[in-house]
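Take a look at the structure set out below.
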Amino acid sequence: MILNKRIRFQELGLRDYKETWEYQESLFKEILDQKIRNRRENTSEETNNHLLFVEHPHVYTLGKSGDISNLLLNEEQLKQKDAAFYKINRGGDITYHGPGQIVGYPILDLENFFTDIHKYLRLLEEAIILTLKDYGIAAGRSEGETGVWLDSGTAFARKICAMGVRASRWVTMHGFAFNVNADLGYFDNIVPCGIRDKAVTSLNVELGVREVPVA
């Protein structure tokens with residue numbers, strides 16, 4: 001097998017959630033199809049890797065193991081908030097995406113790198129932890145809870161980056177949602193990630209500034 005460690009990065013700007021989800025699915029399927037062909041035909045064509053950065057209009061998404069009761073709005077209230085809602089095929093519970101949040105979708109063939117989902121999630125977290133360190137913010141993990149947290153293990157624990165992934169035949173999709181300039185009021189309409197006793201924060205709030213340059 002030829003290992004391809006190159007990753008094609010795409011900045012998609014502000015884009016509809018469903019449109020981006022369908023685009024993810026097409027890239028995901030392309031990689032899976034190549035892997036199936038390689039095994040069926042005993043070939044070793046390389047598989048591609050992608051990383052998408054995007055911002056979404058207001059939307060709530062519920063993972064396949066999530067609890068719909070963690071969405072605190074009915075259909076009419078969603079319309080009033082100008083927000084969409086989708087049940088999707090990633091792990092995790094409910095989360096919010098919106099303007100001011102960098103959403104990262106790595107669509108990788110992990111067989112090009114390593115075959116360990118736990119390690120993959122920890123490395124996604126580490127990328128955000130190291131980014132926050134560049135801004136002088138000490139972030140870390142919360143035991144038993146995926147994502148990136150500030151003041152974990154204290155009464156002031158708050159999540160700054162949520163994560164949820166799907167993997168099949170070692171190909172990943174979905175990813176992370178990093179609050180940079182997020183409107184935190186939208187999190188009041190859900191029980192974020194199904195966790196009732198912890199808050200959510202954003203980089204601009206932690207820095208005490210109106211807006212952090214997304215670039």
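How things are named: the first chain in the structure tokens is A, the next is B, and so on; residues count from 1 in each chain; ligands count from 1 in the order shown.
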*Show which residues sit within 12 Å of Ala127 in chain A, as a list in words. Count only C-alpha atoms, and ignore same-chain residues fewer than 4 positions away.*
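Within the cut-off, the hits are Gly104, Tyr120, Leu121, Arg122, Leu123, Thr131, Leu132, Lys133, Asp134, Ala139, Gly140, Gly147, Val148, Cys161, Phe176 and Phe178 of chain A.
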_Need the shell around Glu211 in chain A: protein/DNA/RNA residues with any atom at most 9 Å away, counting only C-alpha atoms. Skip same-chain ones fewer than 5 positions apart. Format as a list in words?_
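Once the adjacent positions are removed, what remains is Gly100, Val180, Asn181, Leu203, Asn204 and Val205 of chain A.
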Prev. selection, N, CA, C and O atoms, output as a PDB file, in the first residue's frame:
ATOM      1  N   GLY A 100     -18.611  32.890  13.530  1.00  0.00           N
ATOM      2  CA  GLY A 100     -17.646  33.138  14.605  1.00  0.00           C
ATOM      3  C   GLY A 100     -17.061  31.874  15.189  1.00  0.00           C
ATOM      4  O   GLY A 100     -16.295  31.927  16.149  1.00  0.00           O
ATOM      5  N   VAL A 180     -14.442  30.825  18.415  1.00  0.00           N
ATOM      6  CA  VAL A 180     -13.484  31.933  18.321  1.00  0.00           C
ATOM      7  C   VAL A 180     -14.182  33.254  18.653  1.00  0.00           C
ATOM      8  O   VAL A 180     -13.780  33.979  19.562  1.00  0.00           O
ATOM      9  N   ASN A 181     -15.246  33.566  17.915  1.00  0.00           N
ATOM     10  CA  ASN A 181     -16.072  34.750  18.186  1.00  0.00           C
ATOM     11  C   ASN A 181     -17.542  34.337  18.232  1.00  0.00           C
ATOM     12  O   ASN A 181     -18.415  35.031  17.714  1.00  0.00           O
ATOM     13  N   LEU A 203     -13.086  32.150  22.444  1.00  0.00           N
ATOM     14  CA  LEU A 203     -11.754  32.753  22.560  1.00  0.00           C
ATOM     15  C   LEU A 203     -11.830  34.257  22.806  1.00  0.00           C
ATOM     16  O   LEU A 203     -11.095  34.798  23.639  1.00  0.00           O
ATOM     17  N   ASN A 204     -12.724  34.954  22.104  1.00  0.00           N
ATOM     18  CA  ASN A 204     -12.795  36.409  22.292  1.00  0.00           C
ATOM     19  C   ASN A 204     -13.225  36.772  23.718  1.00  0.00           C
ATOM     20  O   ASN A 204     -12.741  37.750  24.290  1.00  0.00           O
ATOM     21  N   VAL A 205     -14.126  35.960  24.301  1.00  0.00           N
ATOM     22  CA  VAL A 205     -14.553  36.207  25.684  1.00  0.00           C
ATOM     23  C   VAL A 205     -13.382  36.017  26.639  1.00  0.00           C
ATOM     24  O   VAL A 205     -13.152  36.833  27.541  1.00  0.00           O
TER      25      VAL A 205
END
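Taking only range 55-136 of chain A, the residues that DSSP calls alpha helix (DSSP H) from the backbone come to Glu75, Glu76, Gln77, Leu78, Lys79, Gln80, Ile117, His118, Lys119, Tyr120, Leu121, Arg122, Leu123, Leu124, Glu125, Glu126, Ala127, Ile128, Ile129, Leu130, Thr131, Leu132, Lys133 and Asp134 of chain A.
For the pair CA of Leu108 in chain A and CA of Trp170 in chain A, the separation is 8.1 Å.
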*From a DSSP calculation on the backbone, collect every residue of chain A in strand (DSSP E or B) and output the set as a ChimeraX atom specification.*
/A:8-14,50-55,59-62,71,84-87,94-97,101-107,109,140-142,145-150,158-168,171-179,190,199-200
Write out, as a JSON list (two decimals), in the first residue's frame, the residues just selected, with C-alpha atoms.
[["chain", "number", "residue", "atom", "x", "y", "z"],
["A", 8, "ARG", "CA", -5.56, 18.98, 0.81],
["A", 9, "PHE", "CA", -6.76, 22.01, 2.79],
["A", 10, "GLN", "CA", -9.85, 23.97, 1.72],
["A", 11, "GLU", "CA", -11.22, 27.15, 3.30],
["A", 12, "LEU", "CA", -14.95, 27.13, 2.46],
["A", 13, "GLY", "CA", -15.96, 30.38, 4.16],
["A", 14, "LEU", "CA", -19.57, 30.71, 5.39],
["A", 50, "HIS", "CA", -8.75, 16.42, 3.11],
["A", 51, "LEU", "CA", -9.15, 19.13, 5.75],
["A", 52, "LEU", "CA", -12.07, 21.55, 5.41],
["A", 53, "PHE", "CA", -12.40, 24.79, 7.41],
["A", 54, "VAL", "CA", -15.86, 26.38, 7.37],
["A", 55, "GLU", "CA", -18.26, 28.62, 9.25],
["A", 59, "VAL", "CA", -27.50, 25.27, 13.16],
["A", 60, "TYR", "CA", -27.92, 22.58, 15.82],
["A", 61, "THR", "CA", -26.77, 19.02, 15.11],
["A", 62, "LEU", "CA", -27.55, 15.87, 17.08],
["A", 71, "LEU", "CA", -32.61, 20.53, 22.21],
["A", 84, "ALA", "CA", -31.64, 24.84, 11.38],
["A", 85, "PHE", "CA", -31.55, 21.40, 13.01],
["A", 86, "TYR", "CA", -30.16, 18.07, 11.73],
["A", 87, "LYS", "CA", -29.77, 14.57, 13.10],
["A", 94, "ILE", "CA", -26.07, 17.88, 20.50],
["A", 95, "THR", "CA", -23.94, 20.86, 19.55],
["A", 96, "TYR", "CA", -24.27, 24.29, 17.95],
["A", 97, "HIS", "CA", -22.50, 25.73, 14.92],
["A", 101, "GLN", "CA", -16.88, 29.46, 15.06],
["A", 102, "ILE", "CA", -14.17, 27.64, 13.10],
["A", 103, "VAL", "CA", -15.45, 24.19, 12.18],
["A", 104, "GLY", "CA", -12.80, 21.74, 11.01],
["A", 105, "TYR", "CA", -13.65, 18.59, 9.08],
["A", 106, "PRO", "CA", -10.66, 16.26, 8.59],
["A", 107, "ILE", "CA", -11.58, 13.59, 6.04],
["A", 109, "ASP", "CA", -7.61, 7.78, 5.57],
["A", 140, "GLY", "CA", -6.70, 20.93, 28.51],
["A", 141, "ARG", "CA", -8.94, 17.88, 28.61],
["A", 142, "SER", "CA", -11.75, 16.83, 30.93],
["A", 145, "GLU", "CA", -15.41, 14.08, 28.04],
["A", 146, "THR", "CA", -14.14, 14.67, 24.51],
["A", 147, "GLY", "CA", -13.21, 18.21, 23.53],
["A", 148, "VAL", "CA", -11.06, 21.06, 24.85],
["A", 149, "TRP", "CA", -11.74, 22.70, 28.20],
["A", 150, "LEU", "CA", -10.60, 25.58, 30.39],
["A", 158, "ARG", "CA", -16.03, 25.54, 30.45],
["A", 159, "LYS", "CA", -15.75, 24.03, 26.98],
["A", 160, "ILE", "CA", -14.20, 26.04, 24.15],
["A", 161, "CYS", "CA", -14.07, 23.34, 21.47],
["A", 162, "ALA", "CA", -16.50, 20.46, 20.88],
["A", 163, "MET", "CA", -15.62, 17.33, 18.89],
["A", 164, "GLY", "CA", -17.51, 14.49, 17.26],
["A", 165, "VAL", "CA", -16.29, 12.14, 14.54],
["A", 166, "ARG", "CA", -17.40, 9.25, 12.41],
["A", 167, "ALA", "CA", -15.03, 6.60, 11.04],
["A", 168, "SER", "CA", -15.50, 3.68, 8.66],
["A", 171, "VAL", "CA", -11.72, 6.91, 7.06],
["A", 172, "THR", "CA", -12.86, 9.87, 9.18],
["A", 173, "MET", "CA", -15.38, 12.65, 8.79],
["A", 174, "HIS", "CA", -16.97, 15.39, 10.95],
["A", 175, "GLY", "CA", -14.49, 16.89, 13.42],
["A", 176, "PHE", "CA", -14.24, 19.90, 15.73],
["A", 177, "ALA", "CA", -16.06, 23.17, 16.43],
["A", 178, "PHE", "CA", -13.76, 25.84, 17.91],
["A", 179, "ASN", "CA", -15.48, 28.89, 19.42],
["A", 190, "ILE", "CA", -29.42, 23.29, 24.17],
["A", 199, "ALA", "CA", -20.45, 26.18, 30.74],
["A", 200, "VAL", "CA", -19.32, 27.06, 27.21]]
*Using CA of Ser69 in chain A and CA of Tyr23 in chain A as the two end points, give the distance in Å to one decimal.*
28.7 Å
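When only C-alpha atoms are used to measure the gap to Phe114 in chain A, the shortest distance among A:Lys5, A:Lys64, A:Arg40, A:His58 belongs to A:Lys5.
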*asked:* Using Å and a single decimal, report how far CA of Arg169 in chain A sits from CA of Phe28 in chain A.
replied: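 One can read the CA of Phe28 in chain A to CA of Arg169 in chain A distance as 10.6 Å.
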*Which of A:Pro57, A:Gly153, A:Glu22, A:Asn70 sits closest to Pro99 in chain A [using only C-alpha atoms]*: A:Pro57
